[in-house]
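Q: Handing over protein-v3.txt, compact mmCIF, C-alpha atoms.
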```
# COMPACT_ATOMS: atom_id res chain seq x y z
CA MET A 1 0.00 0.00 0.00
CA SER A 2 1.03 3.57 -0.57
CA THR A 3 2.58 5.36 2.42
CA THR A 4 2.33 8.91 1.07
CA THR A 5 2.25 11.31 4.01
CA THR A 6 0.34 14.51 4.58
CA GLU A 7 3.70 16.29 4.71
CA GLU A 8 4.25 15.36 1.07
CA LEU A 9 0.88 16.84 0.21
CA SER A 10 1.88 20.14 1.82
CA ALA A 11 4.14 20.62 -1.20
CA THR A 12 1.06 20.84 -3.46
CA THR A 13 1.81 23.59 -5.95
CA LEU A 14 -1.69 24.64 -7.06
CA LEU A 15 -2.98 28.05 -5.97
CA ARG A 16 -6.45 29.32 -6.84
CA PHE A 17 -6.67 33.10 -6.69
CA ALA A 18 -9.03 35.85 -7.81
CA THR A 19 -8.54 39.47 -8.77
CA ALA A 20 -10.88 42.34 -7.99
CA GLY A 21 -10.77 46.10 -8.42
CA SER A 22 -12.80 49.15 -9.30
CA VAL A 23 -13.35 50.22 -12.88
CA ASP A 24 -10.17 51.60 -14.52
CA ASP A 25 -7.94 50.53 -11.63
CA GLY A 26 -5.93 48.48 -14.13
CA LYS A 27 -6.94 44.99 -13.07
CA SER A 28 -7.00 43.45 -16.53
CA THR A 29 -3.67 45.12 -17.28
CA LEU A 30 -2.21 43.60 -14.10
CA VAL A 31 -3.39 40.12 -15.10
CA GLY A 32 -2.08 40.62 -18.62
CA ARG A 33 1.27 41.83 -17.28
CA LEU A 34 1.45 38.85 -14.93
CA LEU A 35 0.81 36.41 -17.78
CA HIS A 36 3.14 38.25 -20.20
CA ASP A 37 6.12 38.73 -17.89
CA SER A 38 5.90 35.20 -16.50
CA LYS A 39 6.05 33.98 -20.13
CA SER A 40 2.62 32.32 -19.85
CA VAL A 41 1.28 33.76 -23.11
CA LEU A 42 1.43 31.84 -26.37
CA THR A 43 3.02 33.59 -29.35
CA ASP A 44 -0.19 33.63 -31.40
CA GLN A 45 -2.11 35.13 -28.46
CA LEU A 46 0.43 37.92 -28.10
CA GLU A 47 0.43 38.58 -31.84
CA ALA A 48 -3.39 38.85 -31.82
CA VAL A 49 -3.22 41.37 -28.97
CA GLU A 50 -0.54 43.37 -30.80
CA ARG A 51 -2.69 43.51 -33.96
CA ALA A 52 -5.79 44.58 -31.99
CA SER A 53 -3.77 47.23 -30.15
CA ALA A 54 -2.25 48.57 -33.39
CA SER A 55 -5.70 48.84 -34.99
CA ARG A 56 -6.65 51.17 -32.13
CA GLY A 57 -3.61 53.32 -32.73
CA GLN A 58 -1.76 52.17 -29.60
CA GLU A 59 2.02 52.04 -29.77
CA GLY A 60 2.48 48.94 -27.62
CA PRO A 61 0.35 45.86 -26.87
CA ASP A 62 -2.65 46.46 -24.59
CA LEU A 63 -2.12 43.61 -22.16
CA ALA A 64 -5.68 43.97 -20.82
CA LEU A 65 -6.87 42.31 -24.03
CA LEU A 66 -5.29 39.04 -22.87
CA THR A 67 -8.14 38.64 -20.35
CA ASP A 68 -11.06 40.75 -21.62
CA GLY A 69 -12.38 38.20 -24.09
CA LEU A 70 -16.00 39.24 -24.62
CA ARG A 71 -16.71 41.69 -27.42
CA ALA A 72 -18.62 43.98 -25.02
CA GLU A 73 -15.63 43.95 -22.68
CA ARG A 74 -13.25 45.00 -25.42
CA GLU A 75 -15.56 47.71 -26.72
CA GLN A 76 -16.18 49.25 -23.30
CA GLY A 77 -12.75 48.57 -21.81
CA ILE A 78 -14.28 46.86 -18.78
CA THR A 79 -14.51 43.36 -17.35
CA ILE A 80 -18.03 41.88 -17.27
CA ASP A 81 -17.78 38.14 -16.79
CA VAL A 82 -15.36 35.99 -14.78
CA ALA A 83 -12.40 34.99 -16.95
CA TYR A 84 -10.41 31.96 -15.85
CA ARG A 85 -6.76 31.65 -16.79
CA TYR A 86 -4.40 28.76 -16.16
CA PHE A 87 -0.66 29.30 -16.01
CA ALA A 88 2.39 27.94 -14.26
CA THR A 89 5.88 28.84 -13.13
CA PRO A 90 8.64 26.44 -12.05
CA ARG A 91 7.51 26.94 -8.44
CA ARG A 92 3.71 26.64 -8.63
CA ARG A 93 0.63 26.15 -10.83
CA PHE A 94 -2.16 28.73 -10.80
CA ILE A 95 -5.88 29.01 -11.57
CA LEU A 96 -6.73 32.70 -11.85
CA ALA A 97 -10.28 34.07 -11.76
CA ASP A 98 -10.35 37.61 -13.16
CA THR A 99 -13.57 39.10 -11.76
CA PRO A 100 -15.52 42.27 -12.68
CA GLY A 101 -15.32 45.50 -10.71
CA HIS A 102 -18.77 46.98 -11.40
CA VAL A 103 -21.34 47.00 -8.61
CA GLN A 104 -23.90 45.30 -10.88
CA TYR A 105 -21.52 42.36 -11.33
CA THR A 106 -21.07 41.65 -7.61
CA ARG A 107 -22.49 38.15 -8.16
CA ASN A 108 -19.73 37.46 -10.70
CA MET A 109 -17.05 38.33 -8.14
CA VAL A 110 -18.69 36.02 -5.60
CA THR A 111 -18.58 33.22 -8.18
CA GLY A 112 -14.91 33.81 -9.00
CA ALA A 113 -13.73 34.21 -5.40
CA SER A 114 -15.79 31.39 -3.88
CA THR A 115 -13.04 28.80 -4.41
CA ALA A 116 -10.08 31.18 -4.14
CA GLU A 117 -7.39 30.84 -1.50
CA LEU A 118 -6.13 34.35 -2.22
CA THR A 119 -7.70 37.54 -3.57
CA VAL A 120 -5.79 40.39 -5.17
CA VAL A 121 -7.64 43.68 -4.57
CA LEU A 122 -6.46 46.49 -6.84
CA VAL A 123 -6.49 50.15 -5.84
CA ASP A 124 -5.62 53.17 -8.00
CA ALA A 125 -2.90 55.05 -6.08
CA ARG A 126 -4.46 58.37 -7.17
CA ASN A 127 -7.89 57.52 -5.73
CA GLY A 128 -7.03 55.39 -2.71
CA VAL A 129 -9.60 53.22 -0.94
CA VAL A 130 -13.04 53.85 -2.47
CA GLU A 131 -16.48 52.32 -1.87
CA GLN A 132 -15.94 49.51 -4.35
CA THR A 133 -12.63 48.66 -2.65
CA ARG A 134 -14.50 48.24 0.61
CA ARG A 135 -17.10 46.08 -1.14
CA HIS A 136 -14.41 43.79 -2.48
CA ALA A 137 -12.79 43.52 0.95
CA ALA A 138 -16.19 42.70 2.46
CA ILE A 139 -16.86 39.98 -0.13
CA ALA A 140 -13.41 38.45 0.50
CA ALA A 141 -14.23 38.45 4.23
CA LEU A 142 -17.68 36.93 3.65
CA LEU A 143 -16.18 34.16 1.53
CA ARG A 144 -13.47 33.53 4.17
CA VAL A 145 -10.64 33.98 1.66
CA PRO A 146 -7.57 33.37 3.87
CA HIS A 147 -5.10 35.65 2.05
CA VAL A 148 -5.70 39.13 0.61
CA VAL A 149 -3.16 41.10 -1.44
CA LEU A 150 -3.63 44.86 -1.70
CA ALA A 151 -2.03 45.87 -5.00
CA VAL A 152 -1.66 49.67 -5.02
CA ASN A 153 -1.49 50.27 -8.78
CA LYS A 154 -0.40 53.23 -10.95
CA MET A 155 2.40 54.19 -8.57
CA ASP A 156 4.13 55.74 -11.59
CA LEU A 157 1.37 58.37 -11.72
CA VAL A 158 2.03 59.50 -8.13
CA GLY A 159 5.80 59.71 -8.51
CA TYR A 160 6.35 56.37 -6.75
CA ALA A 161 5.69 58.17 -3.45
CA GLU A 162 6.10 55.99 -0.38
CA LYS A 163 3.74 58.18 1.68
CA VAL A 164 0.89 57.63 -0.78
CA PHE A 165 1.33 53.87 -0.62
CA ALA A 166 1.71 53.83 3.16
CA ALA A 167 -1.52 55.78 3.74
CA ILE A 168 -3.55 53.51 1.43
CA ALA A 169 -2.06 50.34 2.92
CA GLU A 170 -2.79 51.46 6.46
CA GLU A 171 -6.40 52.43 5.71
CA PHE A 172 -7.21 49.23 3.82
CA THR A 173 -5.50 46.93 6.32
CA ALA A 174 -7.40 48.49 9.23
CA TYR A 175 -10.72 48.05 7.42
CA ALA A 176 -10.00 44.46 6.33
CA THR A 177 -8.84 43.49 9.82
CA GLU A 178 -12.08 44.87 11.25
CA LEU A 179 -13.95 42.53 8.89
CA GLY A 180 -11.95 39.56 10.15
CA VAL A 181 -9.62 39.12 7.14
CA PRO A 182 -6.73 37.11 8.64
CA GLU A 183 -3.89 38.35 6.43
CA VAL A 184 -3.29 41.39 4.20
CA THR A 185 -0.13 41.89 2.14
CA ALA A 186 0.29 45.34 0.55
CA ILE A 187 2.42 45.68 -2.61
CA PRO A 188 3.07 48.93 -4.57
CA ILE A 189 2.96 48.26 -8.32
CA SER A 190 2.63 49.73 -11.78
CA ALA A 191 0.92 47.14 -13.98
CA LEU A 192 1.41 49.25 -17.12
CA VAL A 193 5.19 49.56 -16.66
CA GLY A 194 5.68 46.25 -14.83
CA ASP A 195 6.98 47.53 -11.47
CA ASN A 196 6.80 44.85 -8.75
CA VAL A 197 4.50 42.58 -10.76
CA VAL A 198 6.99 39.92 -11.83
CA GLU A 199 10.26 41.87 -11.59
CA PRO A 200 11.26 44.16 -8.68
CA SER A 201 10.87 47.88 -9.33
CA ALA A 202 13.90 50.07 -9.91
CA HIS A 203 11.83 53.10 -8.89
CA MET A 204 10.82 52.06 -5.35
CA ASP A 205 13.97 51.20 -3.45
CA TRP A 206 12.07 52.01 -0.24
CA TYR A 207 10.00 48.85 -0.69
CA GLY A 208 11.68 45.65 0.39
CA GLY A 209 8.80 43.18 0.11
CA PRO A 210 7.96 40.58 -2.54
CA THR A 211 6.67 41.19 -6.05
CA VAL A 212 3.13 40.05 -6.81
CA LEU A 213 4.34 36.86 -8.51
CA GLU A 214 6.86 36.09 -5.77
CA HIS A 215 4.11 36.35 -3.15
CA LEU A 216 1.78 34.16 -5.22
CA GLU A 217 4.53 31.55 -5.55
CA THR A 218 5.35 31.45 -1.84
CA VAL A 219 2.09 32.09 0.05
CA PRO A 220 1.13 28.94 1.98
CA VAL A 221 -1.85 27.06 0.55
CA SER A 222 -4.55 26.94 3.18
CA HIS A 223 -5.04 23.17 3.43
CA ASP A 224 -4.27 22.23 7.04
CA LEU A 225 -4.54 18.48 6.60
CA ALA A 226 -3.94 17.58 10.23
CA HIS A 227 -6.82 19.65 11.57
CA CYS A 228 -9.46 19.81 8.82
CA HIS A 229 -12.90 18.29 9.36
CA ALA A 230 -12.73 15.25 7.08
CA ARG A 231 -15.72 15.03 4.74
CA LEU A 232 -16.55 12.78 1.76
CA PRO A 233 -19.83 13.50 -0.08
CA VAL A 234 -20.81 10.23 -1.79
CA GLN A 235 -21.16 10.77 -5.52
CA TYR A 236 -21.52 7.22 -6.79
CA VAL A 237 -21.92 3.68 -5.44
CA ILE A 238 -19.64 1.22 -7.27
CA ARG A 239 -20.82 -2.40 -7.52
CA PRO A 240 -19.14 -4.13 -10.50
CA GLN A 241 -20.56 -7.61 -9.64
CA THR A 242 -18.01 -9.28 -11.87
CA ALA A 243 -16.24 -12.60 -11.49
CA GLU A 244 -13.13 -10.71 -10.35
CA HIS A 245 -15.04 -8.51 -7.88
CA PRO A 246 -18.24 -10.38 -6.95
CA ASP A 247 -18.74 -8.66 -3.57
CA TYR A 248 -17.08 -5.28 -4.20
CA ARG A 249 -19.09 -2.32 -2.87
CA GLY A 250 -17.34 1.06 -2.86
CA TYR A 251 -18.48 4.61 -2.23
CA ALA A 252 -16.84 7.07 -4.60
CA GLY A 253 -16.47 10.82 -4.40
CA GLN A 254 -14.05 13.72 -4.06
CA ILE A 255 -12.84 14.35 -0.53
CA ALA A 256 -14.18 17.80 0.33
CA ALA A 257 -11.88 18.34 3.31
CA GLY A 258 -9.42 16.61 5.60
CA THR A 259 -7.93 13.12 5.57
CA PHE A 260 -9.31 9.57 5.70
CA ARG A 261 -7.34 6.53 6.90
CA VAL A 262 -7.88 2.79 6.74
CA GLY A 263 -9.16 1.51 10.11
CA GLU A 264 -10.74 4.85 11.05
CA GLN A 265 -14.24 4.79 12.54
CA VAL A 266 -16.68 6.75 10.37
CA THR A 267 -20.35 7.72 10.40
CA VAL A 268 -22.65 7.95 7.40
CA LEU A 269 -24.98 10.94 7.51
CA PRO A 270 -27.85 11.67 7.68
CA SER A 271 -28.65 8.08 8.75
CA GLY A 272 -26.09 8.12 11.58
CA ARG A 273 -24.90 4.54 10.93
CA THR A 274 -21.35 3.86 12.17
CA THR A 275 -18.67 1.60 10.69
CA THR A 276 -14.95 1.61 9.89
CA VAL A 277 -12.94 2.25 6.73
CA ALA A 278 -11.90 -1.19 5.47
CA GLY A 279 -10.00 0.10 2.44
CA ILE A 280 -9.33 3.10 0.21
CA ASP A 281 -8.87 2.85 -3.56
CA LEU A 282 -7.10 5.68 -5.38
CA LEU A 283 -6.70 5.47 -9.16
CA GLY A 284 -7.33 1.73 -8.97
CA GLU A 285 -4.67 1.12 -6.30
CA PRO A 286 -5.17 0.52 -2.55
CA VAL A 287 -3.73 3.20 -0.23
CA ASP A 288 -3.61 3.66 3.54
CA VAL A 289 -4.53 7.34 3.57
CA ALA A 290 -6.25 9.85 1.26
CA TRP A 291 -6.89 13.57 1.51
CA THR A 292 -8.56 16.56 -0.11
CA PRO A 293 -8.99 17.10 -3.03
CA GLN A 294 -8.37 13.51 -4.14
CA SER A 295 -11.15 11.48 -5.74
CA VAL A 296 -11.30 8.09 -4.04
CA THR A 297 -13.45 5.05 -3.34
CA LEU A 298 -14.01 4.10 0.29
CA LEU A 299 -14.68 0.47 1.27
CA LEU A 300 -16.57 0.07 4.53
CA ALA A 301 -16.33 -2.83 6.99
CA ASP A 302 -20.11 -3.24 7.36
CA ASP A 303 -22.80 -3.66 4.73
CA ILE A 304 -24.89 -0.58 5.52
CA ASP A 305 -27.20 1.49 3.34
CA VAL A 306 -25.19 4.28 1.67
CA SER A 307 -26.33 6.16 -1.42
CA ARG A 308 -25.50 9.22 -3.50
CA GLY A 309 -25.89 12.39 -1.45
CA ASP A 310 -24.81 10.83 1.85
CA LEU A 311 -21.83 12.25 3.72
CA ILE A 312 -19.11 10.06 5.23
CA VAL A 313 -17.32 11.67 8.19
CA PRO A 314 -15.08 10.60 11.09
CA THR A 315 -17.31 9.53 13.98
CA LYS A 316 -15.37 11.67 16.45
CA ASP A 317 -15.82 14.75 14.25
CA ALA A 318 -19.34 14.47 12.84
CA PRO A 319 -21.41 17.60 12.14
CA ALA A 320 -24.94 17.94 13.49
CA THR A 321 -27.84 17.39 11.13
CA THR A 322 -30.56 20.02 10.88
CA GLN A 323 -33.59 21.05 8.85
CA ASP A 324 -33.30 24.74 9.77
CA ILE A 325 -30.35 26.50 8.11
CA GLU A 326 -29.37 30.08 8.89
CA ALA A 327 -26.98 31.51 6.36
CA THR A 328 -25.71 34.47 4.38
CA VAL A 329 -26.57 34.29 0.69
CA CYS A 330 -25.55 36.20 -2.41
CA HIS A 331 -28.48 36.38 -4.81
CA VAL A 332 -27.24 35.67 -8.33
CA ALA A 333 -30.44 35.36 -10.39
CA ASP A 334 -32.40 38.09 -12.15
CA GLN A 335 -35.64 36.91 -10.51
CA ALA A 336 -36.12 37.87 -6.85
CA LEU A 337 -35.91 35.52 -3.86
CA SER A 338 -38.83 36.09 -1.49
CA VAL A 339 -40.07 34.80 1.86
CA GLY A 340 -42.14 31.67 1.19
CA HIS A 341 -40.21 30.87 -2.00
CA ARG A 342 -40.09 27.09 -2.61
CA VAL A 343 -36.65 26.05 -3.78
CA LEU A 344 -34.27 23.15 -4.14
CA LEU A 345 -31.22 23.25 -1.86
CA LYS A 346 -28.06 21.59 -3.21
CA HIS A 347 -25.52 20.73 -0.51
CA GLY A 348 -22.52 18.72 -1.70
CA THR A 349 -23.94 15.84 -3.77
CA ARG A 350 -27.37 15.98 -2.11
CA THR A 351 -30.36 18.02 -3.36
CA VAL A 352 -33.49 18.42 -1.21
CA LYS A 353 -36.69 20.44 -1.29
CA ALA A 354 -36.75 23.56 0.89
CA ILE A 355 -38.67 26.74 1.62
CA VAL A 356 -37.38 30.22 2.46
CA LYS A 357 -38.86 30.86 5.91
CA ASP A 358 -37.39 34.32 6.57
CA ILE A 359 -35.07 36.99 5.20
CA PRO A 360 -34.01 38.79 8.41
CA SER A 361 -31.77 41.39 6.78
CA ARG A 362 -30.03 42.66 3.66
CA LEU A 363 -26.40 43.76 3.89
CA THR A 364 -25.31 47.09 2.45
CA LEU A 365 -21.68 46.56 1.46
CA ASP A 366 -20.92 50.29 1.24
CA ASP A 367 -21.00 50.73 5.01
CA LEU A 368 -21.86 47.18 6.21
CA SER A 369 -25.20 48.40 7.55
CA LEU A 370 -28.20 46.03 7.76
CA HIS A 371 -31.60 46.70 6.20
CA PRO A 372 -34.00 44.68 8.42
CA HIS A 373 -36.64 42.35 6.96
CA PRO A 374 -36.44 43.42 3.29
CA GLY A 375 -38.92 40.69 2.33
CA ARG A 376 -36.94 39.74 -0.75
CA LEU A 377 -33.49 39.79 -2.32
CA VAL A 378 -32.78 40.82 -5.91
CA ALA A 379 -29.75 40.31 -8.17
CA ASN A 380 -26.41 41.10 -6.48
CA ASP A 381 -28.03 41.48 -3.02
CA ILE A 382 -26.32 39.87 -0.04
CA GLY A 383 -28.55 39.02 2.90
CA ARG A 384 -29.34 36.69 5.77
CA VAL A 385 -31.89 33.92 5.20
CA THR A 386 -33.49 31.11 7.17
CA VAL A 387 -34.27 28.00 5.10
CA ARG A 388 -36.30 24.98 6.17
CA THR A 389 -35.40 21.75 4.37
CA ALA A 390 -37.64 18.73 3.79
CA GLU A 391 -34.92 16.38 5.05
CA PRO A 392 -32.17 16.75 7.67
CA LEU A 393 -28.81 17.84 6.28
CA PRO A 394 -25.33 17.51 7.85
CA VAL A 395 -23.97 21.04 7.44
CA ASP A 396 -20.82 22.64 8.79
CA SER A 397 -20.33 26.30 9.51
CA TYR A 398 -18.82 28.00 6.46
CA ALA A 399 -16.08 29.30 8.76
CA ASP A 400 -15.06 25.69 9.44
CA SER A 401 -15.45 24.30 5.93
CA ARG A 402 -15.99 26.28 2.75
CA ARG A 403 -17.09 23.10 0.92
CA THR A 404 -19.56 21.53 3.36
CA GLY A 405 -20.63 24.89 4.81
CA SER A 406 -21.89 26.17 1.45
CA PHE A 407 -24.96 25.43 -0.65
CA LEU A 408 -26.96 26.57 -3.67
CA LEU A 409 -30.62 27.54 -3.85
CA ILE A 410 -32.16 26.42 -7.16
CA ASP A 411 -35.45 27.21 -8.88
CA PRO A 412 -37.25 23.84 -9.12
CA SER A 413 -39.18 24.90 -12.23
CA ASP A 414 -36.23 25.47 -14.56
CA GLY A 415 -33.03 24.64 -12.64
CA THR A 416 -31.82 28.26 -12.46
CA THR A 417 -29.37 28.95 -9.64
CA LEU A 418 -30.96 31.57 -7.42
CA ALA A 419 -28.44 32.12 -4.63
CA ALA A 420 -25.15 30.91 -3.20
CA GLY A 421 -25.26 30.38 0.57
CA MET A 422 -22.75 30.31 3.42
CA VAL A 423 -23.89 28.68 6.67
CA GLY A 424 -23.37 30.49 9.98
CA GLU A 425 -22.15 33.97 10.87
CA SER A 426 -21.47 36.46 8.08
CA PHE A 427 -18.03 37.71 9.13
CA ALA A 428 -15.23 36.20 11.17
CA ALA A 429 -14.31 37.78 14.48
CA PRO A 430 -11.41 40.21 13.96
CA GLU A 431 -7.97 39.14 15.11
CA PRO A 432 -6.89 40.70 18.43
CA VAL A 433 -4.80 43.82 17.92
CA ARG A 434 -1.16 43.43 18.91
CA ASP A 435 -0.04 45.90 21.51
CA GLU A 436 3.44 46.75 20.34
CA ALA A 437 4.85 50.24 20.76
CA ASP A 438 7.10 49.94 17.72
CA ASP A 439 4.42 48.51 15.39
CA ASP A 440 2.85 51.04 13.05
CA GLY A 441 -0.02 48.67 12.17
CA TRP A 442 1.10 47.36 8.77
CA ASP A 443 4.13 45.81 7.13
CA PHE A 444 5.68 45.75 3.71
```
Mind turning the file's structure into structure tokens?
A:
Amino acid sequence: MSTTTTEELSATTLLRFATAGSVDDGKSTLVGRLLHDSKSVLTDQLEAVERASASRGQEGPDLALLTDGLRAEREQGITIDVAYRYFATPRRRFILADTPGHVQYTRNMVTGASTAELTVVLVDARNGVVEQTRRHAAIAALLRVPHVVLAVNKMDLVGYAEKVFAAIAEEFTAYATELGVPEVTAIPISALVGDNVVEPSAHMDWYGGPTVLEHLETVPVSHDLAHCHARLPVQYVIRPQTAEHPDYRGYAGQIAAGTFRVGEQVTVLPSGRTTTVAGIDLLGEPVDVAWTPQSVTLLLADDIDVSRGDLIVPTKDAPATTQDIEATVCHVADQALSVGHRVLLKHGTRTVKAIVKDIPSRLTLDDLSLHPHPGRLVANDIGRVTVRTAEPLPVDSYADSRRTGSFLLIDPSDGTTLAAGMVGESFAAPEPVRDEADDDGWDF
């Protein structure tokens, strides 16, 4: 059997990250610069961008065109939809979600950042922290993104002034910390020129921190395999019933969090039946241990009823099952979500009938104020809801598990996704402030 350890997994080199920024802050240019300078752009792509830029009368290539792929995006010079880009360096592989900055595309940013382990928030050095910057920080906090990078862009237009950068970094870090964001790294950049994106800037010798790419390559990936709540949503029951495997019964799925080991006592939810892991198959081979995000087949010691939609968890770390779910949701559909709305709730691999019992409040991201009992949520609204499900569900708090603490609300008539939900409290408690006389509150 394989003896791969969790320490070996810690060397996993995939980082999912998202970018966000107000209109004209240079976000698409930053992404284009990152791809161009890290040599992640194919020759024909670059040539197409150069031709498009020349047709507009621009002297050099407009790197924003590497990510703004929709015709409407190119015509207006804005980002509308989430654009995913895949690239790699010798040190790490990346999945980048380039998200829109407009208020009316808040739902798109939620989609792009929902699986991110890091969010890059762009700020124009001339404008500083604006309302949309605070919205993006609030969304990153809501989605429990563990790492936030503040990229203060267009430093070349403010004379590369350290004081300008310091003031913006201090203001943003204080606000993000108040929201419960665990880590903020501030980096002064010029995406247009390339300062501190991939290569260190020759114009800001006062800055001694990493470039954007260096930070992306070295930031620790958030999987804490020793302490995660292990969860396996069952996707498929495997029973070949062949001469070679007459009695084989396996439960296949992608491990949503944590680690499973042979011999471990587990519980199947929502039934509550308990057994032990008799074996684990990974890519057709037996292994002793498996972890997120591997797709595996678990073999159980006892012949108990397990079907698609069930959740296999360690018995000593099982979540409670409930039919009443209180959560924060981002409404993503054009049709409104109202009290009394009958919906389908998709949690992991399980989908159940549900009804919206209450909408206690709607969150105003501008100032984080609450509008009590709005009665309904419309597109791009973020609010608190109480949902009653037809069957008990084993849900975690979103703060504990972003996979098993999240769900979708779906229109049963046509399958449209109505809202994305996060179970539990909206924001994390802020980290305690360090009382150090020589600490000015932020670091390069």
Q: When you look at region 119-127 of chain A with a cut-off of 8 Å (counting all atoms listed in the file), what residues show up, excluding the ones that are within fewer than 4 positions of it in the same chain? I need them as number ranges by chain.
A: A: 17-22, 25-27, 113, 133, 136-137, 140, 145, 147-155, 157-158, 164-165, 168
Q: Kindly give the distance, in Å, that separates CA of Val110 (chain A) and CA of Ala83 (chain A), rounded to a single decimal.
A: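 Separation between CA of Val110 (chain A) and CA of Ala83 (chain A): 13.0 Å.
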Q: List every protein, DNA or RNA residue that has an atom no more than 6 Å from (-17.1, 7.0, 9.2) in the file's coordinate frame, counting all atoms listed in the file, and report them as a list in words.
A: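 Here is the list of nearby residues: Gln265, Val266, Thr267, Val268, Thr275, Thr276, Ile312, Val313, Pro314 and Thr315 of chain A.
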Q: Could you jot down the CA of Ser28 (chain A) to CA of Asp98 (chain A) separation for me, Å, one decimal place?
A: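 So the answer is 7.5 Å.
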Q: What is the CA of Gln132 (chain A)-CA of Asn196 (chain A) distance in Å, reported with one decimal?
A: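 About the pair CA of Gln132 (chain A) and CA of Asn196 (chain A): they are 23.6 Å apart.
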Q: Counting all atoms listed in the file, which of A:Ile139, A:Ala97, A:Ala88, A:Ala252 gets nearest to Leu368 (chain A)?
A: A:Ile139
Q: Determine the nearest neighbour of Asp305 (chain A) from the options A:Arg92, A:Lys353, A:Arg16, A:Arg273, counting all atoms listed in the file.
A: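 Of A:Arg92, A:Lys353, A:Arg16, A:Arg273, the one nearest Asp305 (chain A), counting all atoms listed in the file, is A:Arg273.
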Q: Within 12 Å of Asp411 (chain A), counting all atoms listed in the file, which residues show up once you throw out same-chain ones fewer than 6 positions away? Write them as a VMD selection string, please.
A: chain A and resid 332 to 337 341 to 346 351 to 356 417 to 419
Q: Return the padded bounding box of region 107-122 of chain A as JSON: axis-aligned, built from all atoms listed in the file, 8 Å added on each side, with centre and edge lengths in Å to one decimal.
A:
```
{"center_x": -14.1, "center_y": 37.6, "center_z": -6.1, "size_x": 32.7, "size_y": 33.7, "size_z": 25.2}
```
Q: For Glu117 (chain A), which residue out of A:Phe427, A:Tyr84, A:Tyr105, A:Phe94 is the nearest one, using all atoms listed in the file?
A: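 Smallest separation from Glu117 (chain A) among the options: A:Phe94.
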Q: Between A:Gly159, A:Pro240, A:Pro360, A:Pro270, which is the closest to Ala318 (chain A) once you count only C-alpha atoms?
A: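 Result for the nearest residue to Ala318 (chain A): A:Pro270.
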Q: Taking all atoms listed in the file into account, name the residue in A:Tyr236, A:Phe172, A:Tyr160, A:Tyr251 that is nearest to Ser201 (chain A).
A: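 Under the stated criterion, the closest residue is A:Tyr160.
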Q: Need the shell around region 308-311 of chain A: protein/DNA/RNA residues with any atom at most 8 Å away, counting all atoms listed in the file. Skip same-chain ones fewer than 3 positions apart. Format as a PyMOL selection string?
A: chain A and resi 231-237+268-270+348-351+394
Q: Out of A:Ser401, A:Thr99, A:Thr173, A:Thr106, which residue has the shortest atom-to-atom distance to Leu365 (chain A) when counting all atoms listed in the file?
A: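 Among the listed residues, A:Thr106 lies closest to Leu365 (chain A).
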Q: Can you tell me, as a PyMOL selection string, which residues sit within 8 Å of (2.4, 32.4, -16.3) in the file's frame, using all atoms listed in the file?
A: chain A and resi 34-41+86-89
Q: Just want the 12 Å neighbourhood of Val262 (chain A), counted on all atoms listed in the file, with same-chain residues fewer than 6 positions away dropped. Output as a list in words.
A: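 My list of contacting residues is Met1, Ser2, Thr3, Thr275, Thr276, Val277, Ala278, Gly279, Ile280, Asp281, Pro286, Val287, Asp288, Val289, Ala290, Thr297, Leu298, Leu299, Leu300, Ala301 and Pro314 of chain A.
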Q: Could I get region 123-131 of chain A from the block written as a PDB file, in the first residue's frame, with N, CA and C atoms?
A:
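Written out: selection33.pdb:
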```
ATOM      1  N   VAL A 123      -6.116  48.788  -6.187  1.00  0.00           N
ATOM      2  CA  VAL A 123      -6.490  50.152  -5.836  1.00  0.00           C
ATOM      3  C   VAL A 123      -5.675  51.104  -6.703  1.00  0.00           C
ATOM      4  N   ASP A 124      -6.318  52.117  -7.252  1.00  0.00           N
ATOM      5  CA  ASP A 124      -5.622  53.170  -7.995  1.00  0.00           C
ATOM      6  C   ASP A 124      -4.959  54.093  -6.977  1.00  0.00           C
ATOM      7  N   ALA A 125      -3.636  54.245  -7.060  1.00  0.00           N
ATOM      8  CA  ALA A 125      -2.903  55.050  -6.081  1.00  0.00           C
ATOM      9  C   ALA A 125      -3.400  56.497  -6.036  1.00  0.00           C
ATOM     10  N   ARG A 126      -3.969  56.985  -7.144  1.00  0.00           N
ATOM     11  CA  ARG A 126      -4.462  58.370  -7.169  1.00  0.00           C
ATOM     12  C   ARG A 126      -5.771  58.531  -6.412  1.00  0.00           C
ATOM     13  N   ASN A 127      -6.562  57.443  -6.351  1.00  0.00           N
ATOM     14  CA  ASN A 127      -7.887  57.524  -5.729  1.00  0.00           C
ATOM     15  C   ASN A 127      -7.945  56.933  -4.328  1.00  0.00           C
ATOM     16  N   GLY A 128      -7.037  56.024  -4.028  1.00  0.00           N
ATOM     17  CA  GLY A 128      -7.029  55.392  -2.711  1.00  0.00           C
ATOM     18  C   GLY A 128      -8.185  54.420  -2.531  1.00  0.00           C
ATOM     19  N   VAL A 129      -8.525  54.154  -1.278  1.00  0.00           N
ATOM     20  CA  VAL A 129      -9.598  53.222  -0.944  1.00  0.00           C
ATOM     21  C   VAL A 129     -10.945  53.890  -1.207  1.00  0.00           C
ATOM     22  N   VAL A 130     -11.731  53.300  -2.122  1.00  0.00           N
ATOM     23  CA  VAL A 130     -13.045  53.845  -2.470  1.00  0.00           C
ATOM     24  C   VAL A 130     -14.124  52.839  -2.052  1.00  0.00           C
ATOM     25  N   GLU A 131     -15.384  53.178  -2.296  1.00  0.00           N
ATOM     26  CA  GLU A 131     -16.485  52.317  -1.866  1.00  0.00           C
ATOM     27  C   GLU A 131     -16.373  50.910  -2.442  1.00  0.00           C
TER      28      GLU A 131
END
```
